[in-house]
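Q: Once you've had a glance at the structure underneath, I'll fire off some questions.
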Amino acid sequence: MYSEKVMDHFEHPRNVGEIENASGVGTVGNAKCGDIMRIFLDIDDDGIIRDVKFKTFGCGAAVATSSMATELVKGKTVQEAMQVTNKAVMEALDGLPPVKVHCSLLAEEAIHAALWDYAQKKGIVIEGLEKPKSDIHEDEEQEEEEY
């Protein structure tokens, strides 16, 4: 059901914890499944993500996607981190079961929420970044209503 990479990131998650005085902190959740993800970014003066940590309350897939998302943004510029999508997280994990795709969406949104927090603290605009939602379930409900 889960790829070896998903199991590895679940059993041995990378970058777990908090960063005191983080440059940006993003917290998102999904009320429908109960997953909550918080990402902490330490961004230097050149806009490079020097360190990243996460805390996740949720299923194994939520832990694995959090872990992989932190690996994908570590050492990257803010603009490069903006390019990390849920699809990129899923591909890096060699896929997720369809019922767990929302976990990769949480990871993408948590990164964006942390970047939003960073931009707010710095008084800057990050091109392409929109104000994050605290609950990604809002989007799912809207999509369901459209059909």
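Chain lettering (A, B, ...) mirrors the order of the structure tokens, residue numbering begins at 1 for each chain separately, and ligand numbering begins at 1 in order of display.
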Name the residues of chain A that fall into strand (DSSP E) according to DSSP on the backbone, using the chain letters and numbers of this document, as a list of chain:residue names.
A: A:Gly24, A:Val25, A:Gly26, A:Thr27, A:Val28, A:Gly29, A:Asn30, A:Asp35, A:Ile36, A:Met37, A:Arg38, A:Ile39, A:Phe40, A:Leu41, A:Asp42, A:Ile43, A:Ile49, A:Arg50, A:Asp51, A:Val52, A:Lys53, A:Phe54, A:Lys55, A:Thr56, A:Phe57
Q: Find the residues near range 21-38 of chain A: any atom within 6 Å, counting only C-alpha atoms, skip ones fewer than 3 places away on the same chain, and give them as a ChimeraX atom specification.
A: /A:41-43,54-58,110,113-115,117-118,134-137
Q: Just to be explicit: take each residue in the selection above, keep N, CA and C atoms, and write the result as an mmCIF file, in the first residue's frame.
A:
data_model
loop_
_atom_site.group_PDB
_atom_site.id
_atom_site.type_symbol
_atom_site.label_atom_id
_atom_site.label_comp_id
_atom_site.auth_asym_id
_atom_site.auth_seq_id
_atom_site.Cartn_x
_atom_site.Cartn_y
_atom_site.Cartn_z
ATOM 1 N N LEU A 41 10.645 27.554 9.565
ATOM 2 C CA LEU A 41 11.723 27.867 8.629
ATOM 3 C C LEU A 41 12.718 28.830 9.257
ATOM 4 N N ASP A 42 14.006 28.565 9.026
ATOM 5 C CA ASP A 42 15.079 29.488 9.389
ATOM 6 C C ASP A 42 15.680 29.965 8.074
ATOM 7 N N ILE A 43 15.397 31.211 7.721
ATOM 8 C CA ILE A 43 15.804 31.766 6.428
ATOM 9 C C ILE A 43 16.845 32.847 6.670
ATOM 10 N N PHE A 54 9.658 20.313 11.537
ATOM 11 C CA PHE A 54 8.205 20.159 11.498
ATOM 12 C C PHE A 54 7.706 19.425 12.729
ATOM 13 N N LYS A 55 6.445 19.669 13.013
ATOM 14 C CA LYS A 55 5.692 18.914 14.005
ATOM 15 C C LYS A 55 4.364 18.582 13.344
ATOM 16 N N THR A 56 4.015 17.313 13.352
ATOM 17 C CA THR A 56 2.786 16.881 12.711
ATOM 18 C C THR A 56 2.007 15.973 13.638
ATOM 19 N N PHE A 57 0.709 16.230 13.703
ATOM 20 C CA PHE A 57 -0.215 15.351 14.406
ATOM 21 C C PHE A 57 -1.069 14.731 13.318
ATOM 22 N N GLY A 58 -0.909 13.439 13.107
ATOM 23 C CA GLY A 58 -1.694 12.810 12.062
ATOM 24 C C GLY A 58 -1.228 11.403 11.768
ATOM 25 N N ALA A 110 1.519 23.943 4.291
ATOM 26 C CA ALA A 110 2.294 24.294 5.483
ATOM 27 C C ALA A 110 3.554 25.074 5.097
ATOM 28 N N ALA A 113 2.352 28.490 4.153
ATOM 29 C CA ALA A 113 1.954 29.238 5.352
ATOM 30 C C ALA A 113 3.185 29.767 6.095
ATOM 31 N N ALA A 114 4.241 28.960 6.168
ATOM 32 C CA ALA A 114 5.475 29.400 6.828
ATOM 33 C C ALA A 114 6.147 30.515 6.021
ATOM 34 N N LEU A 115 6.113 30.404 4.702
ATOM 35 C CA LEU A 115 6.672 31.468 3.849
ATOM 36 C C LEU A 115 5.845 32.748 3.978
ATOM 37 N N ASP A 117 4.178 33.697 6.657
ATOM 38 C CA ASP A 117 4.545 34.249 7.961
ATOM 39 C C ASP A 117 5.878 34.989 7.858
ATOM 40 N N TYR A 118 6.831 34.394 7.185
ATOM 41 C CA TYR A 118 8.149 35.018 6.963
ATOM 42 C C TYR A 118 7.992 36.350 6.215
ATOM 43 N N SER A 134 -6.131 28.107 6.940
ATOM 44 C CA SER A 134 -5.710 27.306 8.088
ATOM 45 C C SER A 134 -6.267 25.892 8.006
ATOM 46 N N ASP A 135 -7.316 25.709 7.185
ATOM 47 C CA ASP A 135 -7.915 24.384 7.045
ATOM 48 C C ASP A 135 -8.069 24.058 5.566
ATOM 49 N N ILE A 136 -7.299 23.093 5.060
ATOM 50 C CA ILE A 136 -7.393 22.770 3.632
ATOM 51 C C ILE A 136 -8.702 22.070 3.303
ATOM 52 N N HIS A 137 -9.430 21.632 4.304
ATOM 53 C CA HIS A 137 -10.737 21.004 4.085
ATOM 54 C C HIS A 137 -11.696 21.991 3.414
#
Q: Excluding Lys74 in chain A and any residue of its chain fewer than 3 positions from it, enumerate the residues within 12 Å of it, using only C-alpha atoms, and give them as a list in words.
A: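 My reading of the contact set: Arg14, Asn15, Ile39, Phe40, Leu41, Asp42, Ile43, Asp44, Gly47, Ile48, Ile49, Arg50, Asp51, Val52, Lys53, Phe54, Ser67, Met68, Ala69, Thr70, Glu71, Thr77, Val78, Glu80, Ala81, Val84 and Ile111 of chain A.
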Q: Would you please work out which residue, of A:Val99, A:Glu108, A:Ser66, A:Trp116, is nearest to Thr85 in chain A when using only C-alpha atoms?
A: A:Glu108
